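Asker: Here it is: the structure, laid out below.
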Amino acid sequence: MEPDPTGTGCPMPDPWTLRCTGYAPAEEGLREALCAVGNGYLVTRGAAPEAVAGGEHYPGTYLAGCYDRTDSVIGGRVFTHEDLVNCPNWLPVTFRPADGEWFAGPPAEQELELDLRRGVLTRRAVCVDAAGRRTRLVQRRLASQARPHLAALETELTAENWSGRLDVRSALDGAVTNAGVPRYAGLDSHHLTPLRQEACPEGELWLEVATGAGRRIALAARHRVQPGCVALHGEARPGQVAQTLAFDVAPGLPVTVDKVVAVHTSHDPATGDPLDAARRLAAEAPAFDRLLAEHARRWEQLWRRCRIDADFPDPGPLHLDLFHLLQSWSEHSADLDVGVPARGLHGEAYRGHVFWDELFVLRVLDLRFPELARAALRYRHRRLDAARRAARAEGCRGAAYPWQSAADGREQSPRVHLNPRSGHWLPDHTHLQRHIGSAVAYNIWEYYRATGDHDFLAEAGAETLLEIARYWASAATHDPARGHWSIRGVLGPDEYHDAYPWADAPGLDDNAYTNVLASWVLARARDALHALPARRRDELTERLALDTAETDHWQDIGHHLHVPFHDGVISQFDGYRRLAELDWDTYHRRYPDLRRLDRILEAEGDTVNRYRASKQADVLMLWYLFPAREVHGLLRRLGHPAGDELMRRTVDYYLDRTVHGSTLSSVVHAWVLGRCDPHASWRHFRDALTADLHDAQGGTTREGIHLGAMAGAVDLLQRCYTGLESSEDGVRLDPHLPGALHSITLDLRHRGRRTLRITVDRRHVTVALDPDPVDPVRIAVRGESTLLRPGQSHTFRL
C-alpha cells in the first residue's frame with residue numbers, strides 16, 4: 001500500500017487515480033462520497049453493491065432536481081422540509097456458494113480505485129466465507145456520460161479454492177429512506193411509495209415508485225452473463241425485486257454478470273411513461289465494454305475542455321475536485337430546470353438544497369462551459385415569481401431570493417436545527433441571509449461580462465437583476481438623523497451571528513457585505529438597462545412599471561447605504577464594536593477544533609452572538625468578489641476613502657477571529673491573501689483543494705462533497721494566481737504565482753466563443769488564440785498589450 005499523505009486511507013498514487021485499500025469502518029462513508037460516480041443527471045455513491053444502509057455504509061443514488069416535501073413534528077410543532085430524495089438503489093449484487101450465506105461484507109482484502117480520466121470505479125476484493133472458501137471479486141461501475149439515463153455494474157467472480165454451484169443475486173431496491181445524515185434522524189425520512197415491480201422470466205428486473213409529490217421514478221435492469229447461467233429465479237415484493245442466477249464454477253474460471261440499469265422519471269423531458277422508457281432503454285443497452293468506451297470518450301472530451309495543467313506538488317486533488325464538479329453539473333443537467341446543489345448529488349447534507357455556493361461554481365463554468373452557467377441562471381429566473389412573492393410577504397417590492405432553494409423557489413431553510421453536542425433543537429435564522437439575492441445578481445452580471453451573451457441579458461438576466469435591485473431599494477430604510485440608508489434584520493455570510501445579545505428578535509443591522517453588495521446591485525441595474533436594445537429596454541420597463549424617478553431613487557440609496565467601521569477596519573455589522581473578545585487561548589487549549597464554535601458555546605450555555613468570532617469570511621468576501629481597486633471604488637461611492645492599507649488591516653483583523661467553520665472560508669482567505677501574503681494564500685488554497693479528500697470538517701464529507709470549495713479551489717488557480725480578468729475589452733493578466741506553483745496552462749473560452757490557451761510561469765506569459773475564424777482579442781499583461789488574431793500567439797516578459 002502506498003503512503004497516504006491525506007490521512008484518510010484514500011491516497012492518490014498518481015494525479016488521476018484515487019485509491020482506497022483495505023476496509024476501514026470509520027472511513028467507509030467518506031470513501032463512498034469520494035468514490036461516487038455520476039453524470040449530472042444521477043450520481044451514485046461508491047458503496048459496495050452488497051452493502052445496506054446503516055452503520056458505516058450508506059448506499060445512495062440521487063437524481064438532479066428530484067425533491068419531495070414531508071412534515072415532521074419536533075417539540076410539538078409541525079415543520080415542513082423538502083429533501084433531495086434518496087432514489088431506488090440500483091446497485092445490489094451479492095453471491096454465495098449454493099450451501100453458504102449471502103456475502104454481506106466486509107471482504108478479507110479490498111481495493112477501490114477511482115479512475116478520474118474515465119469516470120470508472122473499480123473494486124478488487126477477496127471474499128472468504130465461514131467454510132474458508134475464497135472467491136475473488138472484480139467489479140467495475142459507471143454512470144454513463146454518453147447515455148445519462150444508464151448506469152452499469154460489471155461483476156466478475158472467480159472461485160479460488162473451491163468448485164460447485166455459485167448463486168448470484170441482483171436486485172433493485174425501492175424500499176429506501178433518507179437516512180444519510182444522523183442529525184436529521186428526528187425528521188420524517190420516507191419519500192417513496194411502491195407502485196409496481198416485476199422479475200421477468202428472461203432476467204429483466206423493473207420497478208416503479210412515486211414520491212409524495214407524485215413524481216414517478218422507474219428503474220429497469222437487464223443482465224448478460226458469461227458463461228451462461230444454469231438456473232434463473234425471480235422474486236418480487238412491494239418496492240423490491242430480485243433475480244438469482246446460478247452457475248457451475250471451478251477454480252480459476254471466472255463468471256461475469258453485466259448489469260445495466262436504466263432510470264427515468266415522469267419529470268424527464270421527452271420521456272412519456274417513465275417505466276416504458278426505462279424498460280426500452282435497458283433492453284437496447286449495449287454490452288458493458290461498449291458502454292465504457294462511449295463513456296470514456298465523453299470524459300476525454302470533458303477533460304480537454306477543462307484543461308488546467310498546474311505544476312505544483314501533488315496535483316491529484318485538483319483533478320478530483322474537477323471530476324466531482326463535472327459529475328454534479330453537466331450538459332445532462334442543463335435541460336432539467338435544476339439548480340447547483342451545494343453538496344453535489346453525493347449525499348443528503350443540507351437536504352440537497354441550492355445555496356449561494358453556485359457563486360463559487362459559476363466562475364469556473366463561465367470560462368469553461370458557459371452554456372452550463374447559463375442553465376444555472378435560468379433556474380433562478382424561472383423562480384423569479386416565487387422570489388417576488390417572498391418580497392411581498394415581507395412588505396417589500398421586487399424579488400427576495402431564498403437562502404435555500406429546491407424545487408419551486410420557495411424558502412427551504414429549516415426553522416430549527418440540532419446541535420449534536422448539546423442535543424438541543426434550536427431556532428434557525430439562516431433564512432435571513434438576504435445577500436443571496438446579490439449573489440444571484442452578481443452571477444448574472446459576471447456571466448454577461450465573461451460571455452457577452454446579450455440574448456440572455458435581454459431575455460432573463462436584466463429582469464432578474466432589476467427586481468433584485470428593486471427589493472434592496474424597498475428593503476432599505478432612511479435614517480434622516482444620520483443621513484444614510486440602512487438594511488435591517490439580516491444575516492451576513494458569517495452565519496454565527498444571527499442576533500444581537502441585547503435584542504429579543506433575530507437579525508442584524510447594516511451587515512457591511514450585504515450593504516456594499518446591495519449598492520453594487522443598484523449600480524449594475526442601471527448598467528443592465530443601458531446594455532439592452534432600445535426596444536427590449538422599453539418593453540421591460542413597461543412590464544415592470546419602472547420609470548426614471550424610481551431608478552434615480554435607487555442610485556440615491558446606492559450612494560448612501562451605511563457601512564459601519566471600528567478600530568480602523570470595516571465592521572462586520574452595525575454594533576459589532578460592542579461585542580466582547582473571546583478568550584481564544586483558553587478555548588484553543590480546551591478544544592483542539594473550534595470550527596463549530598457556535599455549538600461549543602451553546603452546549604456551555606453561552607452564545608457566539610456575544611463575541612467577535614466568525615465562522616467564515618464575511619467582510620472579506622468583498623475582496624473575493626472584486627479586485628481591490630473596485631472595492632475601493634465601491635467604498636468611495638458610499639463616502640468612505642479607502643486604500644490598500646484598509647484591506648490589509650481588515651484582512652488581518654478578521655483572519656485572527658475566524659475559525660473556518662465552512663470549507664468556503666479557505667477559498668476566500670486564499671484569494672484575499674494572494675497578493676499580500678502568497679505563502680499564507682497557498683496554505684489556504686491547499687486547505688480548500690483537499691477539504692473533502694482530508695474530510696477537513698470532521699466527518700461531513702460522508703454526507704456529501706462541498707462543491708463550492710472544490711470549484712473555488714480550481715478558480716484560485718485559473719483566476720487568482722494568474723490575475724485573470726475577462727471582459728468585453730479583452731483579457732487582462734497580472735500573475736503572482738505562489739512559491740509552490742511553478743507554472744500553469746489553461747484553456748479558457750473568452751466571450752463564450754474564442755478559445756485561449758494561457759501559459760504562465762515566473763518569467764513569461766504566453767497567450768494563443770485558436771485558429772477558428774473569430775474576432776481578435778486584446779490581451780494585456782501589466783501595462784503591455786497586443787491584439788491577438790486567430791491562430792496567433794504572443795509571449796509577454798514579466
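For the C-alpha cells, the naming scheme is as follows: chains receive sequential letters (A, B, ...) according to their order of presentation, residues are indexed from 1 within each chain, and ligands are indexed from 1 in presentation order.
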So that I can check the secondary structure, give me every residue of range 390-504 of chain A assigned strand (DSSP E or B) by backbone DSSP, as number ranges by chain.

Answerer: A: 405, 416-419, 424-427, 477-479, 484-486, 490, 499

Asker: I'd like to know which residues of range 486-587 of chain A are helix (DSSP H, G or I) (by DSSP, run on the backbone); could you write them as a ChimeraX atom specification?

Answerer: /A:512-531,534-543,548-558,576-578,584-587

Asker: Keeping only C-alpha atoms, take the residues you just selected and write them out as a short mmCIF file (atom, residue, chain, number, x, y, z; two decimals), in the first residue's frame.

Answerer:
data_model
loop_
_atom_site.label_atom_id
_atom_site.label_comp_id
_atom_site.auth_asym_id
_atom_site.auth_seq_id
_atom_site.Cartn_x
_atom_site.Cartn_y
_atom_site.Cartn_z
CA ALA A 512 -21.25 45.58 5.63
CA TYR A 513 -21.02 42.87 2.97
CA THR A 514 -24.80 42.94 2.42
CA ASN A 515 -24.91 46.73 2.13
CA VAL A 516 -21.93 47.13 -0.20
CA LEU A 517 -23.28 44.37 -2.46
CA ALA A 518 -26.72 45.99 -2.45
CA SER A 519 -25.09 49.27 -3.54
CA TRP A 520 -23.29 47.40 -6.31
CA VAL A 521 -26.54 45.76 -7.47
CA LEU A 522 -28.30 49.14 -7.61
CA ALA A 523 -25.50 50.48 -9.82
CA ARG A 524 -25.49 47.42 -12.08
CA ALA A 525 -29.25 47.70 -12.58
CA ARG A 526 -28.67 50.96 -14.42
CA ASP A 527 -25.86 49.39 -16.47
CA ALA A 528 -28.07 46.42 -17.37
CA LEU A 529 -30.80 48.72 -18.65
CA HIS A 530 -28.33 50.68 -20.76
CA ALA A 531 -26.92 47.45 -22.23
CA ALA A 534 -33.91 50.10 -27.01
CA ARG A 535 -36.97 48.05 -27.87
CA ARG A 536 -36.28 45.44 -25.18
CA ARG A 537 -35.48 48.15 -22.64
CA ASP A 538 -38.81 49.83 -23.34
CA GLU A 539 -40.68 46.51 -23.11
CA LEU A 540 -39.04 45.60 -19.82
CA THR A 541 -39.52 48.96 -18.12
CA GLU A 542 -43.15 48.94 -19.23
CA ARG A 543 -43.71 45.42 -17.93
CA THR A 548 -36.73 57.19 -14.31
CA ALA A 549 -37.85 58.53 -10.95
CA GLU A 550 -37.58 55.05 -9.42
CA THR A 551 -34.17 54.27 -10.93
CA ASP A 552 -32.86 57.68 -9.82
CA HIS A 553 -34.09 56.87 -6.31
CA TRP A 554 -32.17 53.60 -6.48
CA GLN A 555 -28.96 55.48 -7.23
CA ASP A 556 -29.54 57.82 -4.31
CA ILE A 557 -29.92 54.86 -1.96
CA GLY A 558 -26.92 53.14 -3.55
CA TYR A 576 -20.04 44.78 16.16
CA ARG A 577 -17.78 47.05 18.22
CA ARG A 578 -19.96 46.34 21.28
CA TRP A 584 -9.04 32.48 22.34
CA ASP A 585 -6.10 30.99 24.24
CA THR A 586 -8.39 29.26 26.73
CA TYR A 587 -10.69 27.87 24.06
#

Asker: Please identify all polymer residues within 7 Å of range 189-206 of chain A, counting only C-alpha atoms, omitting same-chain residues fewer than 2 positions from it, and present them as a PDB file with all heavy atoms, in the first residue's frame.

Answerer:
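part_33.pdb, written as the output of this step:
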ATOM      1  N   ASP A  68     -38.730  16.163  -2.607  1.00  0.00           N
ATOM      2  CA  ASP A  68     -40.034  15.806  -2.053  1.00  0.00           C
ATOM      3  C   ASP A  68     -40.191  16.488  -0.706  1.00  0.00           C
ATOM      4  O   ASP A  68     -39.226  16.636   0.053  1.00  0.00           O
ATOM      5  CB  ASP A  68     -40.158  14.291  -1.904  1.00  0.00           C
ATOM      6  CG  ASP A  68     -41.566  13.863  -1.517  1.00  0.00           C
ATOM      7  OD1 ASP A  68     -42.509  14.318  -2.183  1.00  0.00           O
ATOM      8  OD2 ASP A  68     -41.717  13.093  -0.549  1.00  0.00           O
ATOM      9  N   VAL A  85     -34.307  13.449  -2.807  1.00  0.00           N
ATOM     10  CA  VAL A  85     -34.752  12.094  -2.480  1.00  0.00           C
ATOM     11  C   VAL A  85     -33.645  11.075  -2.725  1.00  0.00           C
ATOM     12  O   VAL A  85     -32.987  11.087  -3.772  1.00  0.00           O
ATOM     13  CB  VAL A  85     -35.997  11.735  -3.311  1.00  0.00           C
ATOM     14  CG1 VAL A  85     -36.411  10.280  -3.075  1.00  0.00           C
ATOM     15  CG2 VAL A  85     -37.138  12.680  -2.973  1.00  0.00           C
ATOM     16  N   GLY A 174     -36.396  -0.337  -3.961  1.00  0.00           N
ATOM     17  CA  GLY A 174     -37.105   0.928  -3.819  1.00  0.00           C
ATOM     18  C   GLY A 174     -37.589   1.191  -2.415  1.00  0.00           C
ATOM     19  O   GLY A 174     -38.232   2.223  -2.168  1.00  0.00           O
ATOM     20  N   THR A 177     -34.914   4.904   2.345  1.00  0.00           N
ATOM     21  CA  THR A 177     -35.323   6.148   3.002  1.00  0.00           C
ATOM     22  C   THR A 177     -34.178   7.140   2.944  1.00  0.00           C
ATOM     23  O   THR A 177     -33.057   6.803   2.542  1.00  0.00           O
ATOM     24  CB  THR A 177     -35.712   5.899   4.470  1.00  0.00           C
ATOM     25  OG1 THR A 177     -34.558   5.423   5.182  1.00  0.00           O
ATOM     26  CG2 THR A 177     -36.843   4.891   4.575  1.00  0.00           C
ATOM     27  N   ASN A 178     -34.434   8.353   3.350  1.00  0.00           N
ATOM     28  CA  ASN A 178     -33.383   9.364   3.524  1.00  0.00           C
ATOM     29  C   ASN A 178     -32.866   9.257   4.953  1.00  0.00           C
ATOM     30  O   ASN A 178     -33.491   9.767   5.883  1.00  0.00           O
ATOM     31  CB  ASN A 178     -33.935  10.766   3.269  1.00  0.00           C
ATOM     32  CG  ASN A 178     -33.925  11.140   1.806  1.00  0.00           C
ATOM     33  OD1 ASN A 178     -34.398  10.389   0.956  1.00  0.00           O
ATOM     34  ND2 ASN A 178     -33.384  12.307   1.498  1.00  0.00           N
ATOM     35  N   ALA A 179     -31.751   8.572   5.109  1.00  0.00           N
ATOM     36  CA  ALA A 179     -31.208   8.351   6.451  1.00  0.00           C
ATOM     37  C   ALA A 179     -29.704   8.562   6.480  1.00  0.00           C
ATOM     38  O   ALA A 179     -29.006   7.991   7.316  1.00  0.00           O
ATOM     39  CB  ALA A 179     -31.537   6.926   6.920  1.00  0.00           C
ATOM     40  N   LEU A 187     -36.438  13.708  11.766  1.00  0.00           N
ATOM     41  CA  LEU A 187     -37.317  14.145  10.694  1.00  0.00           C
ATOM     42  C   LEU A 187     -37.858  12.946   9.930  1.00  0.00           C
ATOM     43  O   LEU A 187     -37.230  11.888   9.873  1.00  0.00           O
ATOM     44  CB  LEU A 187     -36.557  15.059   9.733  1.00  0.00           C
ATOM     45  CG  LEU A 187     -35.853  16.271  10.359  1.00  0.00           C
ATOM     46  CD1 LEU A 187     -35.093  17.046   9.296  1.00  0.00           C
ATOM     47  CD2 LEU A 187     -36.861  17.172  11.067  1.00  0.00           C
ATOM     48  N   GLU A 208     -41.265   0.524 -10.166  1.00  0.00           N
ATOM     49  CA  GLU A 208     -41.674   1.920 -10.231  1.00  0.00           C
ATOM     50  C   GLU A 208     -42.152   2.348  -8.858  1.00  0.00           C
ATOM     51  O   GLU A 208     -42.897   1.623  -8.187  1.00  0.00           O
ATOM     52  CB  GLU A 208     -42.787   2.109 -11.265  1.00  0.00           C
ATOM     53  CG  GLU A 208     -43.135   3.577 -11.505  1.00  0.00           C
ATOM     54  CD  GLU A 208     -44.177   3.738 -12.605  1.00  0.00           C
ATOM     55  OE1 GLU A 208     -45.074   2.875 -12.709  1.00  0.00           O
ATOM     56  OE2 GLU A 208     -44.104   4.730 -13.349  1.00  0.00           O
ATOM     57  N   VAL A 209     -41.710   3.521  -8.439  1.00  0.00           N
ATOM     58  CA  VAL A 209     -42.113   4.095  -7.158  1.00  0.00           C
ATOM     59  C   VAL A 209     -42.575   5.525  -7.414  1.00  0.00           C
ATOM     60  O   VAL A 209     -42.375   6.082  -8.497  1.00  0.00           O
ATOM     61  CB  VAL A 209     -40.953   4.077  -6.136  1.00  0.00           C
ATOM     62  CG1 VAL A 209     -40.497   2.660  -5.836  1.00  0.00           C
ATOM     63  CG2 VAL A 209     -39.779   4.926  -6.643  1.00  0.00           C
ATOM     64  N   ALA A 210     -43.180   6.134  -6.418  1.00  0.00           N
ATOM     65  CA  ALA A 210     -43.625   7.527  -6.539  1.00  0.00           C
ATOM     66  C   ALA A 210     -43.240   8.284  -5.286  1.00  0.00           C
ATOM     67  O   ALA A 210     -43.259   7.748  -4.170  1.00  0.00           O
ATOM     68  CB  ALA A 210     -45.133   7.598  -6.751  1.00  0.00           C
ATOM     69  N   THR A 211     -42.874   9.554  -5.464  1.00  0.00           N
ATOM     70  CA  THR A 211     -42.650  10.432  -4.321  1.00  0.00           C
ATOM     71  C   THR A 211     -43.996  10.970  -3.849  1.00  0.00           C
ATOM     72  O   THR A 211     -45.009  10.860  -4.547  1.00  0.00           O
ATOM     73  CB  THR A 211     -41.740  11.612  -4.698  1.00  0.00           C
ATOM     74  OG1 THR A 211     -42.435  12.456  -5.629  1.00  0.00           O
ATOM     75  CG2 THR A 211     -40.447  11.121  -5.336  1.00  0.00           C
ATOM     76  N   GLY A 212     -43.985  11.594  -2.690  1.00  0.00           N
ATOM     77  CA  GLY A 212     -45.217  12.186  -2.183  1.00  0.00           C
ATOM     78  C   GLY A 212     -45.743  13.283  -3.079  1.00  0.00           C
ATOM     79  O   GLY A 212     -46.947  13.560  -3.101  1.00  0.00           O
ATOM     80  N   LEU A 219     -37.096   2.193 -12.703  1.00  0.00           N
ATOM     81  CA  LEU A 219     -35.815   1.560 -12.980  1.00  0.00           C
ATOM     82  C   LEU A 219     -36.058   0.241 -13.684  1.00  0.00           C
ATOM     83  O   LEU A 219     -37.001  -0.499 -13.344  1.00  0.00           O
ATOM     84  CB  LEU A 219     -35.028   1.280 -11.691  1.00  0.00           C
ATOM     85  CG  LEU A 219     -34.252   2.428 -11.036  1.00  0.00           C
ATOM     86  CD1 LEU A 219     -35.205   3.446 -10.412  1.00  0.00           C
ATOM     87  CD2 LEU A 219     -33.292   1.886  -9.977  1.00  0.00           C
ATOM     88  N   ALA A 220     -35.219  -0.059 -14.654  1.00  0.00           N
ATOM     89  CA  ALA A 220     -35.265  -1.357 -15.335  1.00  0.00           C
ATOM     90  C   ALA A 220     -33.833  -1.844 -15.496  1.00  0.00           C
ATOM     91  O   ALA A 220     -32.946  -1.073 -15.873  1.00  0.00           O
ATOM     92  CB  ALA A 220     -35.947  -1.248 -16.694  1.00  0.00           C
ATOM     93  N   ALA A 221     -33.617  -3.122 -15.199  1.00  0.00           N
ATOM     94  CA  ALA A 221     -32.280  -3.718 -15.286  1.00  0.00           C
ATOM     95  C   ALA A 221     -32.299  -4.896 -16.236  1.00  0.00           C
ATOM     96  O   ALA A 221     -33.240  -5.697 -16.238  1.00  0.00           O
ATOM     97  CB  ALA A 221     -31.812  -4.173 -13.899  1.00  0.00           C
ATOM     98  N   ARG A 222     -31.257  -5.004 -17.037  1.00  0.00           N
ATOM     99  CA  ARG A 222     -31.057  -6.206 -17.850  1.00  0.00           C
ATOM    100  C   ARG A 222     -29.695  -6.792 -17.497  1.00  0.00           C
ATOM    101  O   ARG A 222     -28.771  -6.080 -17.089  1.00  0.00           O
ATOM    102  CB  ARG A 222     -31.174  -5.885 -19.331  1.00  0.00           C
ATOM    103  CG  ARG A 222     -30.011  -5.080 -19.891  1.00  0.00           C
ATOM    104  CD  ARG A 222     -29.117  -5.984 -20.754  1.00  0.00           C
ATOM    105  NE  ARG A 222     -28.030  -5.209 -21.340  1.00  0.00           N
ATOM    106  CZ  ARG A 222     -26.808  -5.216 -20.860  1.00  0.00           C
ATOM    107  NH1 ARG A 222     -26.523  -5.885 -19.752  1.00  0.00           N
ATOM    108  NH2 ARG A 222     -25.857  -4.528 -21.462  1.00  0.00           N
ATOM    109  N   HIS A 223     -29.570  -8.105 -17.642  1.00  0.00           N
ATOM    110  CA  HIS A 223     -28.352  -8.815 -17.279  1.00  0.00           C
ATOM    111  C   HIS A 223     -27.820  -9.599 -18.467  1.00  0.00           C
ATOM    112  O   HIS A 223     -28.595 -10.173 -19.238  1.00  0.00           O
ATOM    113  CB  HIS A 223     -28.614  -9.788 -16.120  1.00  0.00           C
ATOM    114  CG  HIS A 223     -29.150  -9.131 -14.887  1.00  0.00           C
ATOM    115  ND1 HIS A 223     -30.511  -8.924 -14.682  1.00  0.00           N
ATOM    116  CD2 HIS A 223     -28.518  -8.623 -13.802  1.00  0.00           C
ATOM    117  CE1 HIS A 223     -30.683  -8.324 -13.514  1.00  0.00           C
ATOM    118  NE2 HIS A 223     -29.501  -8.135 -12.957  1.00  0.00           N
ATOM    119  N   GLY A 234     -36.654 -15.562 -10.071  1.00  0.00           N
ATOM    120  CA  GLY A 234     -37.039 -14.199  -9.757  1.00  0.00           C
ATOM    121  C   GLY A 234     -37.921 -14.124  -8.533  1.00  0.00           C
ATOM    122  O   GLY A 234     -38.629 -15.078  -8.193  1.00  0.00           O
ATOM    123  N   GLU A 235     -37.882 -12.986  -7.852  1.00  0.00           N
ATOM    124  CA  GLU A 235     -38.741 -12.757  -6.693  1.00  0.00           C
ATOM    125  C   GLU A 235     -39.058 -11.268  -6.605  1.00  0.00           C
ATOM    126  O   GLU A 235     -38.244 -10.423  -7.002  1.00  0.00           O
ATOM    127  CB  GLU A 235     -38.062 -13.227  -5.402  1.00  0.00           C
ATOM    128  CG  GLU A 235     -36.688 -12.618  -5.159  1.00  0.00           C
ATOM    129  CD  GLU A 235     -36.024 -13.188  -3.922  1.00  0.00           C
ATOM    130  OE1 GLU A 235     -36.567 -12.963  -2.821  1.00  0.00           O
ATOM    131  OE2 GLU A 235     -34.973 -13.835  -4.067  1.00  0.00           O
ATOM    132  N   ALA A 236     -40.237 -10.968  -6.109  1.00  0.00           N
ATOM    133  CA  ALA A 236     -40.657  -9.575  -6.010  1.00  0.00           C
ATOM    134  C   ALA A 236     -41.558  -9.398  -4.802  1.00  0.00           C
ATOM    135  O   ALA A 236     -42.349 -10.288  -4.457  1.00  0.00           O
ATOM    136  CB  ALA A 236     -41.390  -9.153  -7.283  1.00  0.00           C
ATOM    137  N   PRO A 238     -43.378  -5.667  -2.625  1.00  0.00           N
ATOM    138  CA  PRO A 238     -43.565  -4.231  -2.838  1.00  0.00           C
ATOM    139  C   PRO A 238     -42.282  -3.425  -2.629  1.00  0.00           C
ATOM    140  O   PRO A 238     -41.671  -3.460  -1.555  1.00  0.00           O
ATOM    141  CB  PRO A 238     -44.630  -3.853  -1.808  1.00  0.00           C
ATOM    142  CG  PRO A 238     -45.438  -5.106  -1.657  1.00  0.00           C
ATOM    143  CD  PRO A 238     -44.436  -6.231  -1.755  1.00  0.00           C
ATOM    144  N   GLY A 239     -41.851  -2.749  -3.692  1.00  0.00           N
ATOM    145  CA  GLY A 239     -40.677  -1.878  -3.640  1.00  0.00           C
ATOM    146  C   GLY A 239     -39.362  -2.577  -3.835  1.00  0.00           C
ATOM    147  O   GLY A 239     -38.325  -1.904  -3.914  1.00  0.00           O
ATOM    148  N   VAL A 241     -37.278  -6.031  -5.899  1.00  0.00           N
ATOM    149  CA  VAL A 241     -37.363  -7.076  -6.904  1.00  0.00           C
ATOM    150  C   VAL A 241     -35.955  -7.621  -7.130  1.00  0.00           C
ATOM    151  O   VAL A 241     -34.964  -6.885  -7.049  1.00  0.00           O
ATOM    152  CB  VAL A 241     -37.989  -6.512  -8.205  1.00  0.00           C
ATOM    153  CG1 VAL A 241     -37.129  -5.421  -8.809  1.00  0.00           C
ATOM    154  CG2 VAL A 241     -38.280  -7.589  -9.203  1.00  0.00           C
ATOM    155  N   ALA A 242     -35.839  -8.939  -7.385  1.00  0.00           N
ATOM    156  CA  ALA A 242     -34.511  -9.555  -7.491  1.00  0.00           C
ATOM    157  C   ALA A 242     -34.539 -10.733  -8.446  1.00  0.00           C
ATOM    158  O   ALA A 242     -35.587 -11.363  -8.669  1.00  0.00           O
ATOM    159  CB  ALA A 242     -34.027 -10.012  -6.111  1.00  0.00           C
ATOM    160  N   GLN A 243     -33.380 -11.025  -9.006  1.00  0.00           N
ATOM    161  CA  GLN A 243     -33.130 -12.229  -9.800  1.00  0.00           C
ATOM    162  C   GLN A 243     -31.942 -12.950  -9.191  1.00  0.00           C
ATOM    163  O   GLN A 243     -30.936 -12.329  -8.852  1.00  0.00           O
ATOM    164  CB  GLN A 243     -32.803 -11.886 -11.256  1.00  0.00           C
ATOM    165  CG  GLN A 243     -33.927 -11.271 -12.055  1.00  0.00           C
ATOM    166  CD  GLN A 243     -34.914 -12.315 -12.569  1.00  0.00           C
ATOM    167  OE1 GLN A 243     -34.833 -13.482 -12.207  1.00  0.00           O
ATOM    168  NE2 GLN A 243     -35.836 -11.877 -13.413  1.00  0.00           N
TER     169      GLN A 243
END

Asker: Which residues come within 12 Å of Val78 in chain A, counting only C-alpha atoms, excluding same-chain residues fewer than 6 positions away, as a list in words?

Answerer: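 These residues fall inside the cut-off: Thr70, Asp71, Ser72, Gly186, Leu187, Asp188, Pro414, Arg415 and Val416 of chain A.
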
Asker: Can you tell me which residues surround range 743-755 of chain A at a distance of at most 6 Å, considering only C-alpha atoms, apart from same-chain residues fewer than 4 positions away, and format the answer as a PyMOL selection string?

Answerer: chain A and resi 307-311+367-368+450-452+759-761+770
